[in-house]
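Chemist: Pasting start.cif below, which is mmCIF, C-alpha atoms; chains and numbers go by the auth columns.
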data_my_file
loop_
_atom_site.group_PDB
_atom_site.id
_atom_site.type_symbol
_atom_site.label_atom_id
_atom_site.label_comp_id
_atom_site.label_asym_id
_atom_site.label_seq_id
_atom_site.Cartn_x
_atom_site.Cartn_y
_atom_site.Cartn_z
_atom_site.B_iso_or_equiv
_atom_site.auth_seq_id
_atom_site.auth_asym_id
ATOM 1 C CA MET A 1 11.079 -28.573 -9.038 0.00 430 A
ATOM 2 C CA PRO A 2 11.788 -25.877 -6.424 0.00 431 A
ATOM 3 C CA GLN A 3 9.894 -25.798 -3.134 0.00 432 A
ATOM 4 C CA PRO A 4 6.373 -24.336 -3.633 0.00 433 A
ATOM 5 C CA LEU A 5 5.841 -21.000 -1.859 0.00 434 A
ATOM 6 C CA SER A 6 2.743 -19.129 -0.726 0.00 435 A
ATOM 7 C CA TYR A 7 2.194 -15.559 -1.894 0.00 436 A
ATOM 8 C CA THR A 8 0.205 -12.474 -1.020 0.00 437 A
ATOM 9 C CA LEU A 9 -0.090 -10.096 -3.974 0.00 438 A
ATOM 10 C CA VAL A 10 -0.754 -6.413 -3.297 0.00 439 A
ATOM 11 C CA ILE A 11 -1.986 -4.248 -6.186 0.00 440 A
ATOM 12 C CA THR A 12 -1.867 -0.469 -5.724 0.00 441 A
ATOM 13 C CA GLY A 13 -2.075 0.706 -9.331 0.00 442 A
ATOM 14 C CA ALA A 14 -5.464 1.268 -11.017 0.00 443 A
ATOM 15 C CA PRO A 15 -6.462 -0.476 -14.267 0.00 444 A
ATOM 16 C CA TRP A 16 -6.165 1.741 -17.387 0.00 445 A
ATOM 17 C CA ALA A 17 -4.083 4.245 -15.434 0.00 446 A
ATOM 18 C CA THR A 18 -1.215 1.828 -14.805 0.00 447 A
ATOM 19 C CA GLN A 19 -0.118 -1.612 -15.958 0.00 448 A
ATOM 20 C CA ALA A 20 -0.098 -2.940 -12.371 0.00 449 A
ATOM 21 C CA PRO A 21 -3.269 -5.132 -12.610 0.00 450 A
ATOM 22 C CA GLN A 22 -2.098 -6.616 -15.925 0.00 451 A
ATOM 23 C CA THR A 23 1.443 -7.369 -14.704 0.00 452 A
ATOM 24 C CA ALA A 24 0.065 -8.806 -11.474 0.00 453 A
ATOM 25 C CA LEU A 25 -2.337 -11.075 -13.382 0.00 454 A
ATOM 26 C CA SER A 26 0.427 -12.452 -15.602 0.00 455 A
ATOM 27 C CA PHE A 27 2.568 -13.007 -12.527 0.00 456 A
ATOM 28 C CA ALA A 28 -0.281 -14.722 -10.676 0.00 457 A
ATOM 29 C CA GLN A 29 -0.954 -17.059 -13.619 0.00 458 A
ATOM 30 C CA ALA A 30 2.741 -17.913 -13.810 0.00 459 A
ATOM 31 C CA LEU A 31 2.850 -18.624 -10.062 0.00 460 A
ATOM 32 C CA LEU A 32 0.060 -21.186 -10.247 0.00 461 A
ATOM 33 C CA LYS A 33 1.566 -22.757 -13.353 0.00 462 A
ATOM 34 C CA ALA A 34 4.830 -23.188 -11.459 0.00 463 A
ATOM 35 C CA GLY A 35 3.026 -24.926 -8.591 0.00 464 A
ATOM 36 C CA HIS A 36 3.015 -22.058 -6.079 0.00 465 A
ATOM 37 C CA ARG A 37 0.020 -20.951 -4.036 0.00 466 A
ATOM 38 C CA ILE A 38 -1.661 -17.547 -3.767 0.00 467 A
ATOM 39 C CA ASP A 39 -3.045 -16.979 -0.270 0.00 468 A
ATOM 40 C CA ARG A 40 -4.660 -13.681 -0.981 0.00 469 A
ATOM 41 C CA VAL A 41 -4.825 -10.711 -3.352 0.00 470 A
ATOM 42 C CA PHE A 42 -5.054 -7.358 -1.595 0.00 471 A
ATOM 43 C CA LEU A 43 -6.133 -4.190 -3.396 0.00 472 A
ATOM 44 C CA TYR A 44 -4.844 -0.990 -1.857 0.00 473 A
ATOM 45 C CA GLY A 45 -4.887 2.692 -2.815 0.00 474 A
ATOM 46 C CA ASP A 46 -5.881 3.196 -6.466 0.00 475 A
ATOM 47 C CA GLY A 47 -5.724 -0.588 -6.913 0.00 476 A
ATOM 48 C CA VAL A 48 -9.277 -0.833 -5.507 0.00 477 A
ATOM 49 C CA HIS A 49 -10.658 0.341 -8.874 0.00 478 A
ATOM 50 C CA LEU A 50 -9.959 -3.197 -10.083 0.00 479 A
ATOM 51 C CA ALA A 51 -12.896 -4.323 -7.915 0.00 480 A
ATOM 52 C CA SER A 52 -15.448 -2.091 -9.647 0.00 481 A
ATOM 53 C CA ALA A 53 -18.444 -3.861 -11.159 0.00 482 A
ATOM 54 C CA LEU A 54 -19.174 -0.771 -13.244 0.00 483 A
ATOM 55 C CA SER A 55 -16.074 -0.600 -15.466 0.00 484 A
ATOM 56 C CA ALA A 56 -17.183 -0.770 -19.086 0.00 485 A
ATOM 57 C CA PRO A 57 -14.178 -0.502 -21.406 0.00 486 A
ATOM 58 C CA PRO A 58 -14.615 -0.644 -25.217 0.00 487 A
ATOM 59 C CA SER A 59 -15.254 -4.234 -26.341 0.00 488 A
ATOM 60 C CA ASP A 60 -11.929 -4.527 -28.201 0.00 489 A
ATOM 61 C CA GLU A 61 -9.943 -3.752 -25.030 0.00 490 A
ATOM 62 C CA GLN A 62 -8.997 -6.082 -22.196 0.00 491 A
ATOM 63 C CA HIS A 63 -11.424 -5.946 -19.284 0.00 492 A
ATOM 64 C CA TRP A 64 -9.069 -6.159 -16.305 0.00 493 A
ATOM 65 C CA PRO A 65 -11.711 -6.312 -13.524 0.00 494 A
ATOM 66 C CA ARG A 66 -13.528 -9.126 -15.348 0.00 495 A
ATOM 67 C CA LEU A 67 -10.316 -11.034 -16.179 0.00 496 A
ATOM 68 C CA TRP A 68 -9.205 -10.756 -12.562 0.00 497 A
ATOM 69 C CA SER A 69 -12.526 -11.881 -11.120 0.00 498 A
ATOM 70 C CA GLU A 70 -12.612 -14.884 -13.490 0.00 499 A
ATOM 71 C CA PHE A 71 -9.071 -15.808 -12.444 0.00 500 A
ATOM 72 C CA LEU A 72 -9.893 -15.455 -8.738 0.00 501 A
ATOM 73 C CA SER A 73 -13.148 -17.445 -8.919 0.00 502 A
ATOM 74 C CA GLY A 74 -11.640 -20.110 -11.168 0.00 503 A
ATOM 75 C CA ASN A 75 -8.791 -20.713 -8.739 0.00 504 A
ATOM 76 C CA ASN A 76 -10.666 -20.144 -5.502 0.00 505 A
ATOM 77 C CA ILE A 77 -8.425 -17.266 -4.378 0.00 506 A
ATOM 78 C CA THR A 78 -9.520 -14.758 -1.757 0.00 507 A
ATOM 79 C CA ALA A 79 -9.323 -11.139 -2.882 0.00 508 A
ATOM 80 C CA VAL A 80 -9.827 -8.170 -0.601 0.00 509 A
ATOM 81 C CA ALA A 81 -10.156 -4.453 -1.302 0.00 510 A
ATOM 82 C CA CYS A 82 -8.992 -2.262 1.588 0.00 511 A
ATOM 83 C CA ILE A 83 -12.051 -0.639 3.123 0.00 512 A
ATOM 84 C CA ALA A 84 -10.477 2.794 3.708 0.00 513 A
ATOM 85 C CA SER A 85 -9.070 2.959 0.158 0.00 514 A
ATOM 86 C CA ALA A 86 -12.323 1.661 -1.322 0.00 515 A
ATOM 87 C CA LEU A 87 -14.683 4.020 0.509 0.00 516 A
ATOM 88 C CA ARG A 88 -12.607 7.063 -0.471 0.00 517 A
ATOM 89 C CA ARG A 89 -12.740 6.032 -4.108 0.00 518 A
ATOM 90 C CA GLY A 90 -16.398 5.014 -4.324 0.00 519 A
ATOM 91 C CA ILE A 91 -16.045 1.225 -4.316 0.00 520 A
ATOM 92 C CA VAL A 92 -18.717 -0.096 -1.925 0.00 521 A
ATOM 93 C CA ASP A 93 -20.497 -3.337 -1.137 0.00 522 A
ATOM 94 C CA GLU A 94 -24.107 -3.563 0.052 0.00 523 A
ATOM 95 C CA THR A 95 -23.125 -3.346 3.725 0.00 524 A
ATOM 96 C CA GLU A 96 -21.223 -0.081 3.221 0.00 525 A
ATOM 97 C CA GLN A 97 -23.969 1.236 0.951 0.00 526 A
ATOM 98 C CA ALA A 98 -26.435 0.770 3.811 0.00 527 A
ATOM 99 C CA ARG A 99 -24.032 2.133 6.455 0.00 528 A
ATOM 100 C CA TYR A 100 -23.308 5.354 4.541 0.00 529 A
ATOM 101 C CA GLU A 101 -26.773 5.573 2.975 0.00 530 A
ATOM 102 C CA LEU A 102 -25.354 5.623 -0.548 0.00 531 A
ATOM 103 C CA THR A 103 -27.436 5.301 -3.710 0.00 532 A
ATOM 104 C CA ALA A 104 -25.685 2.204 -5.067 0.00 533 A
ATOM 105 C CA SER A 105 -23.104 -0.490 -4.484 0.00 534 A
ATOM 106 C CA ASN A 106 -20.593 -1.626 -7.075 0.00 535 A
ATOM 107 C CA LEU A 107 -18.248 -4.275 -5.642 0.00 536 A
ATOM 108 C CA ARG A 108 -17.502 -6.977 -8.182 0.00 537 A
ATOM 109 C CA ALA A 109 -17.623 -10.592 -6.980 0.00 538 A
ATOM 110 C CA PRO A 110 -15.572 -12.362 -5.692 0.00 539 A
ATOM 111 C CA PHE A 111 -13.836 -9.299 -4.225 0.00 540 A
ATOM 112 C CA GLU A 112 -14.567 -8.550 -0.582 0.00 541 A
ATOM 113 C CA ILE A 113 -14.112 -5.377 1.423 0.00 542 A
ATOM 114 C CA ALA A 114 -12.047 -5.626 4.609 0.00 543 A
ATOM 115 C CA GLY A 115 -9.448 -3.805 6.637 0.00 544 A
ATOM 116 C CA LEU A 116 -5.672 -3.599 6.518 0.00 545 A
ATOM 117 C CA GLY A 117 -5.616 -6.454 9.043 0.00 546 A
ATOM 118 C CA GLU A 118 -5.964 -8.757 6.013 0.00 547 A
ATOM 119 C CA TRP A 119 -2.724 -7.345 4.639 0.00 548 A
ATOM 120 C CA VAL A 120 -1.008 -7.730 8.021 0.00 549 A
ATOM 121 C CA GLU A 121 -2.149 -11.360 8.070 0.00 550 A
ATOM 122 C CA GLY A 122 -0.690 -11.843 4.597 0.00 551 A
ATOM 123 C CA ASN A 123 2.626 -10.550 5.943 0.00 552 A
ATOM 124 C CA LEU A 124 2.493 -13.124 8.715 0.00 553 A
ATOM 125 C CA LYS A 125 1.280 -16.139 6.765 0.00 554 A
ATOM 126 C CA SER A 126 2.647 -15.920 3.243 0.00 555 A
ATOM 127 C CA ASP A 127 6.208 -16.822 2.349 0.00 556 A
ATOM 128 C CA ARG A 128 6.349 -13.818 0.002 0.00 557 A
ATOM 129 C CA VAL A 129 4.435 -10.528 -0.257 0.00 558 A
ATOM 130 C CA LEU A 130 4.760 -8.790 -3.626 0.00 559 A
ATOM 131 C CA TYR A 131 3.655 -5.290 -4.590 0.00 560 A
ATOM 132 C CA PHE A 132 2.405 -4.121 -7.981 0.00 561 A
ATOM 133 C CA HIS A 133 2.571 -0.337 -8.059 0.00 562 A
ATOM 134 C CA GLY A 134 1.679 2.134 -10.739 0.00 563 A
ATOM 135 C CA ALA A 135 4.645 4.429 -10.437 0.00 564 A
ATOM 136 C CA HIS A 136 7.664 2.358 -9.419 0.00 565 A
ATOM 137 C CA MET B 1 10.716 -9.665 11.544 0.00 437 B
ATOM 138 C CA THR B 2 10.554 -5.890 11.156 0.00 438 B
ATOM 139 C CA THR B 3 8.807 -4.503 8.063 0.00 439 B
ATOM 140 C CA LEU B 4 10.324 -1.334 6.628 0.00 440 B
ATOM 141 C CA ILE B 5 7.852 1.077 5.040 0.00 441 B
ATOM 142 C CA VAL B 6 9.533 3.425 2.570 0.00 442 B
ATOM 143 C CA ILE B 7 8.030 6.783 1.600 0.00 443 B
ATOM 144 C CA ASP B 8 9.754 8.554 -1.276 0.00 444 B
ATOM 145 C CA GLN B 9 7.081 11.058 -2.252 0.00 445 B
ATOM 146 C CA PRO B 10 6.384 14.516 -0.815 0.00 446 B
ATOM 147 C CA PRO B 11 3.677 14.762 1.879 0.00 447 B
ATOM 148 C CA TYR B 12 1.287 16.866 -0.206 0.00 448 B
ATOM 149 C CA GLY B 13 0.408 16.216 -3.847 0.00 449 B
ATOM 150 C CA SER B 14 0.025 12.445 -3.573 0.00 450 B
ATOM 151 C CA TRP B 15 -2.064 10.255 -1.315 0.00 451 B
ATOM 152 C CA ALA B 16 0.301 7.274 -1.572 0.00 452 B
ATOM 153 C CA GLY B 17 2.428 8.304 1.393 0.00 453 B
ATOM 154 C CA ARG B 18 -0.585 8.677 3.677 0.00 454 B
ATOM 155 C CA GLU B 19 -1.774 5.227 2.700 0.00 455 B
ATOM 156 C CA ALA B 20 1.724 3.875 3.403 0.00 456 B
ATOM 157 C CA LEU B 21 1.552 5.505 6.837 0.00 457 B
ATOM 158 C CA ASP B 22 -1.790 3.737 7.426 0.00 458 B
ATOM 159 C CA MET B 23 -0.031 0.460 6.604 0.00 459 B
ATOM 160 C CA THR B 24 2.642 1.258 9.177 0.00 460 B
ATOM 161 C CA PHE B 25 0.074 2.032 11.861 0.00 461 B
ATOM 162 C CA SER B 26 -1.883 -1.122 11.110 0.00 462 B
ATOM 163 C CA LEU B 27 1.266 -3.241 11.550 0.00 463 B
ATOM 164 C CA ALA B 28 1.820 -1.514 14.886 0.00 464 B
ATOM 165 C CA ALA B 29 -1.847 -2.019 15.859 0.00 465 B
ATOM 166 C CA PHE B 30 -1.415 -5.760 15.336 0.00 466 B
ATOM 167 C CA ASP B 31 1.826 -5.717 17.362 0.00 467 B
ATOM 168 C CA GLN B 32 3.958 -6.362 14.305 0.00 468 B
ATOM 169 C CA PRO B 33 7.347 -4.624 14.296 0.00 469 B
ATOM 170 C CA ALA B 34 7.541 -1.748 11.799 0.00 470 B
ATOM 171 C CA ALA B 35 10.045 0.942 10.859 0.00 471 B
ATOM 172 C CA MET B 36 9.896 3.802 8.353 0.00 472 B
ATOM 173 C CA LEU B 37 12.395 5.239 5.897 0.00 473 B
ATOM 174 C CA PHE B 38 11.899 8.620 4.221 0.00 474 B
ATOM 175 C CA LEU B 39 13.763 8.931 0.943 0.00 475 B
ATOM 176 C CA GLY B 40 14.208 11.651 -1.668 0.00 476 B
ATOM 177 C CA ALA B 41 11.330 14.160 -1.646 0.00 477 B
ATOM 178 C CA GLY B 42 9.819 12.034 1.121 0.00 478 B
ATOM 179 C CA VAL B 43 12.154 13.682 3.661 0.00 479 B
ATOM 180 C CA ASN B 44 9.787 16.676 3.655 0.00 480 B
ATOM 181 C CA TRP B 45 7.331 14.565 5.649 0.00 481 B
ATOM 182 C CA LEU B 46 9.587 15.085 8.653 0.00 482 B
ATOM 183 C CA CYS B 47 9.740 18.912 8.593 0.00 483 B
ATOM 184 C CA LYS B 48 8.622 20.608 11.763 0.00 484 B
ATOM 185 C CA GLY B 49 6.030 23.379 11.549 0.00 485 B
ATOM 186 C CA GLN B 50 4.072 22.282 8.458 0.00 486 B
ATOM 187 C CA ALA B 51 1.150 24.585 7.644 0.00 487 B
ATOM 188 C CA ALA B 52 -0.997 22.133 5.705 0.00 488 B
ATOM 189 C CA ASP B 53 -4.202 24.065 6.345 0.00 489 B
ATOM 190 C CA ALA B 54 -2.918 26.615 3.829 0.00 490 B
ATOM 191 C CA VAL B 55 -3.577 24.009 1.113 0.00 491 B
ATOM 192 C CA GLY B 56 -6.753 22.732 2.745 0.00 492 B
ATOM 193 C CA GLN B 57 -5.197 19.508 3.997 0.00 493 B
ATOM 194 C CA LYS B 58 -4.492 17.895 7.333 0.00 494 B
ATOM 195 C CA SER B 59 -0.857 18.098 8.416 0.00 495 B
ATOM 196 C CA VAL B 60 0.987 14.790 8.179 0.00 496 B
ATOM 197 C CA GLU B 61 3.288 16.010 10.946 0.00 497 B
ATOM 198 C CA LYS B 62 0.687 15.195 13.621 0.00 498 B
ATOM 199 C CA ASN B 63 0.171 11.629 12.362 0.00 499 B
ATOM 200 C CA LEU B 64 3.869 11.086 12.063 0.00 500 B
ATOM 201 C CA SER B 65 4.789 12.386 15.496 0.00 501 B
ATOM 202 C CA ALA B 66 2.398 9.760 16.886 0.00 502 B
ATOM 203 C CA ALA B 67 4.255 6.958 15.074 0.00 503 B
ATOM 204 C CA THR B 68 6.692 6.135 17.864 0.00 504 B
ATOM 205 C CA LEU B 69 3.855 6.289 20.423 0.00 505 B
ATOM 206 C CA PHE B 70 2.056 3.642 18.382 0.00 506 B
ATOM 207 C CA GLY B 71 5.123 1.421 18.529 0.00 507 B
ATOM 208 C CA VAL B 72 6.937 2.209 15.265 0.00 508 B
ATOM 209 C CA GLU B 73 10.482 1.179 16.102 0.00 509 B
ATOM 210 C CA GLN B 74 12.542 3.566 14.029 0.00 510 B
ATOM 211 C CA ILE B 75 12.105 6.563 11.770 0.00 511 B
ATOM 212 C CA LEU B 76 14.999 6.735 9.340 0.00 512 B
ATOM 213 C CA VAL B 77 15.740 9.594 6.983 0.00 513 B
ATOM 214 C CA ASP B 78 17.909 9.818 3.879 0.00 514 B
ATOM 215 C CA ALA B 79 20.756 12.147 4.975 0.00 515 B
ATOM 216 C CA ARG B 80 21.760 13.055 1.415 0.00 516 B
ATOM 217 C CA ALA B 81 18.198 14.072 0.484 0.00 517 B
ATOM 218 C CA CYS B 82 18.047 16.256 3.623 0.00 518 B
ATOM 219 C CA THR B 83 21.105 18.133 2.353 0.00 519 B
ATOM 220 C CA GLN B 84 19.478 18.519 -1.085 0.00 520 B
ATOM 221 C CA TYR B 85 16.359 20.006 0.505 0.00 521 B
ATOM 222 C CA GLY B 86 18.376 22.214 2.867 0.00 522 B
ATOM 223 C CA LEU B 87 17.153 20.417 5.971 0.00 523 B
ATOM 224 C CA GLU B 88 19.273 20.112 9.108 0.00 524 B
ATOM 225 C CA ILE B 89 18.516 17.474 11.746 0.00 525 B
ATOM 226 C CA ASP B 90 17.075 20.262 13.964 0.00 526 B
ATOM 227 C CA ASP B 91 14.489 21.028 11.274 0.00 527 B
ATOM 228 C CA LEU B 92 13.141 17.476 11.529 0.00 528 B
ATOM 229 C CA LEU B 93 10.748 15.848 13.987 0.00 529 B
ATOM 230 C CA SER B 94 12.525 14.550 17.054 0.00 530 B
ATOM 231 C CA GLY B 95 13.401 10.876 17.155 0.00 531 B
ATOM 232 C CA THR B 96 14.512 10.831 13.509 0.00 532 B
ATOM 233 C CA THR B 97 17.649 8.849 12.673 0.00 533 B
ATOM 234 C CA PRO B 98 19.691 9.912 9.621 0.00 534 B
ATOM 235 C CA SER B 99 20.872 7.157 7.268 0.00 535 B
ATOM 236 C CA GLU B 100 24.086 7.829 5.331 0.00 536 B
ATOM 237 C CA SER B 101 23.782 4.680 3.221 0.00 537 B
ATOM 238 C CA ILE B 102 20.340 3.748 1.915 0.00 538 B
ATOM 239 C CA SER B 103 21.536 0.466 0.433 0.00 539 B
ATOM 240 C CA GLU B 104 22.958 -0.541 3.794 0.00 540 B
ATOM 241 C CA THR B 105 19.716 0.446 5.556 0.00 541 B
ATOM 242 C CA LEU B 106 17.556 -1.486 3.061 0.00 542 B
ATOM 243 C CA SER B 107 19.748 -4.570 3.398 0.00 543 B
ATOM 244 C CA GLN B 108 19.006 -4.691 7.138 0.00 544 B
ATOM 245 C CA PHE B 109 15.332 -5.459 6.450 0.00 545 B
ATOM 246 C CA SER B 110 13.992 -8.602 4.799 0.00 546 B
ATOM 247 C CA ARG B 111 10.529 -7.095 4.286 0.00 547 B
ATOM 248 C CA VAL B 112 10.455 -3.738 2.530 0.00 548 B
ATOM 249 C CA VAL B 113 7.319 -1.962 1.311 0.00 549 B
ATOM 250 C CA PHE B 114 7.528 1.072 -0.966 0.00 550 B
ATOM 251 C CA ALA B 115 4.608 3.513 -0.964 0.00 551 B
ATOM 252 C CA GLY B 116 2.590 2.873 -4.142 0.00 552 B
#
Would you mind giving the structure from this file in structure tokens?
Modeler:
Amino acid sequence: MPQPLSYTLVITGAPWATQAPQTALSFAQALLKAGHRIDRVFLYGDGVHLASALSAPPSDEQHWPRLWSEFLSGNNITAVACIASALRRGIVDETEQARYELTASNLRAPFEIAGLGEWVEGNLKSDRVLYFHGAH
Amino acid sequence: MTTLIVIDQPPYGSWAGREALDMTFSLAAFDQPAAMLFLGAGVNWLCKGQAADAVGQKSVEKNLSAATLFGVEQILVDARACTQYGLEIDDLLSGTTPSESISETLSQFSRVVFAG
């Protein structure tokens, strides 16, 4: 068996607009199956929509935010939505709701909101950093 | 290990390039070496004299001219795309280095990030 590697996965494509969250999930499942480790999942740009607790797709469609949060919780993987991307797009936790005096919060557990420093740390610590974009 | 951030989309019409620029600045803020490459329509980021207020946006030129001040090592530009867009080196922000071979440029970096 090859040497296990650690990964940071960056998702920039939104669910239902792009296939990025789906492709990334399949890749993540395959990584763990092959004995690799996922240090962190980082949502950036439109990818932050994956962390919405308010997505309600028709019941016969895949629910990407729910599938991702089950995968993350089940495997104890840290997942972070970039704060600047998230605030622009209306993804907020209770702290940001209070700070900006917004009417609601909608961050789905176990996602957290944090800065790009988390991504920089992924660059430093993980053996590989992979990007899942919508357009490329 | 220098990270190369690649922007291949025009400065207005998509937010992806701006978010890629934020990534570059955050690397620099954490003292991590970063460089940028502007490809294809992305070369328009480097035009001098952008009048972004005409479309109700902030000019990316200001952010970009601060890049080297923030410690971004190199700003590379796709020479062939410049020709396609009718841009001479004098039309571009100072401190820009033309790249004649993109594949050669990309192969010099082990970490490459394309704008989403």
Chemist: Identify the residues around (15.5, -8.3, 4.9) within a radius of 10 Å, measuring from all atoms listed in the file in the coordinates stated by the file, and give them as a PyMOL selection string.
Modeler: chain B and resi 437-440+541-548
Chemist: So, with only C-alpha atoms as the atoms that count, which of A:Lys462, A:His478, A:His492, A:Arg557 lies closest to Leu516 in chain A?
Modeler: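 Of A:Lys462, A:His478, A:His492, A:Arg557, the one nearest Leu516 in chain A is A:His478, counting only C-alpha atoms.
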Chemist: Got a sec to pull out which chain A residues are within 12 Å of chain B, counting all atoms listed in the file, and send them as a VMD selection string?
Modeler: chain A and resid 439 to 443 447 449 472 to 476 511 to 515 517 to 518 544 to 553 555 to 565
Chemist: Can you spell out as JSON, numbers by chain the set of residues that the PyMOL selection byres ((chain A and resi 451) around 10) selects in the structure I just provided?
Modeler: {"A": [442, 443, 444, 445, 447, 448, 449, 450, 452, 453, 454, 455, 456, 457, 491, 492, 493, 494, 496, 497, 561]}
Chemist: What is the distance, in Å and to one decimal place, between CA of Val442 in chain B and CA of Val479 in chain B?
Modeler: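 Interatomic distance here is 10.6 Å.
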Chemist: Here's the selection I'm unsure about, the PyMOL selection byres ((chain B and resi 475) around 10); applied to the file above, which residues does it give, as an MDAnalysis selection string?
Modeler: chainID B and resid 442:446 472:474 476:481 512:518 535 538
Chemist: Centre and edge lengths, as JSON, for the axis-aligned box enclosing every listed atom of range 546-559 of chain A with 6 Å of padding on each of the six sides, in Å to one decimal?
Modeler:
{"center_x": 0.2, "center_y": -11.6, "center_z": 2.7, "size_x": 24.3, "size_y": 22.4, "size_z": 24.7}
Chemist: Tell me, in Å to one decimal, how far CA of Thr532 in chain B is from CA of Leu505 in chain B.
Modeler: 13.5 Å
Chemist: Could you get me a file of range 531-542 of chain B with N, CA and C atoms, as a short mmCIF file (atom, residue, chain, number, x, y, z; two decimals), in the first residue's frame, taken from the block above?
Modeler:
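Done, and the output landed in result_31.cif:
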data_model
loop_
_atom_site.label_atom_id
_atom_site.label_comp_id
_atom_site.auth_asym_id
_atom_site.auth_seq_id
_atom_site.Cartn_x
_atom_site.Cartn_y
_atom_site.Cartn_z
N GLY B 531 6.18 46.50 -12.99
CA GLY B 531 6.59 45.34 -12.19
C GLY B 531 6.01 44.04 -12.72
N THR B 532 5.41 44.08 -13.91
CA THR B 532 4.81 42.89 -14.51
C THR B 532 5.84 42.18 -15.40
N THR B 533 5.96 40.86 -15.24
CA THR B 533 6.92 40.12 -16.05
C THR B 533 6.20 39.26 -17.08
N PRO B 534 6.46 39.49 -18.39
CA PRO B 534 5.80 38.65 -19.39
C PRO B 534 6.34 37.22 -19.41
N SER B 535 5.44 36.25 -19.61
CA SER B 535 5.85 34.85 -19.73
C SER B 535 5.54 34.39 -21.15
N GLU B 536 6.56 33.91 -21.86
CA GLU B 536 6.38 33.46 -23.25
C GLU B 536 5.86 32.02 -23.27
N SER B 537 6.20 31.26 -22.23
CA SER B 537 5.76 29.86 -22.19
C SER B 537 5.06 29.56 -20.87
N ILE B 538 3.73 29.42 -20.96
CA ILE B 538 2.94 29.19 -19.74
C ILE B 538 3.29 27.84 -19.13
N SER B 539 3.48 26.83 -19.99
CA SER B 539 3.77 25.50 -19.44
C SER B 539 5.08 25.52 -18.67
N GLU B 540 6.05 26.26 -19.20
CA GLU B 540 7.33 26.37 -18.50
C GLU B 540 7.15 27.10 -17.16
N THR B 541 6.37 28.18 -17.18
CA THR B 541 6.12 28.94 -15.95
C THR B 541 5.44 28.06 -14.91
N LEU B 542 4.37 27.34 -15.33
CA LEU B 542 3.64 26.49 -14.39
C LEU B 542 4.54 25.41 -13.80
#
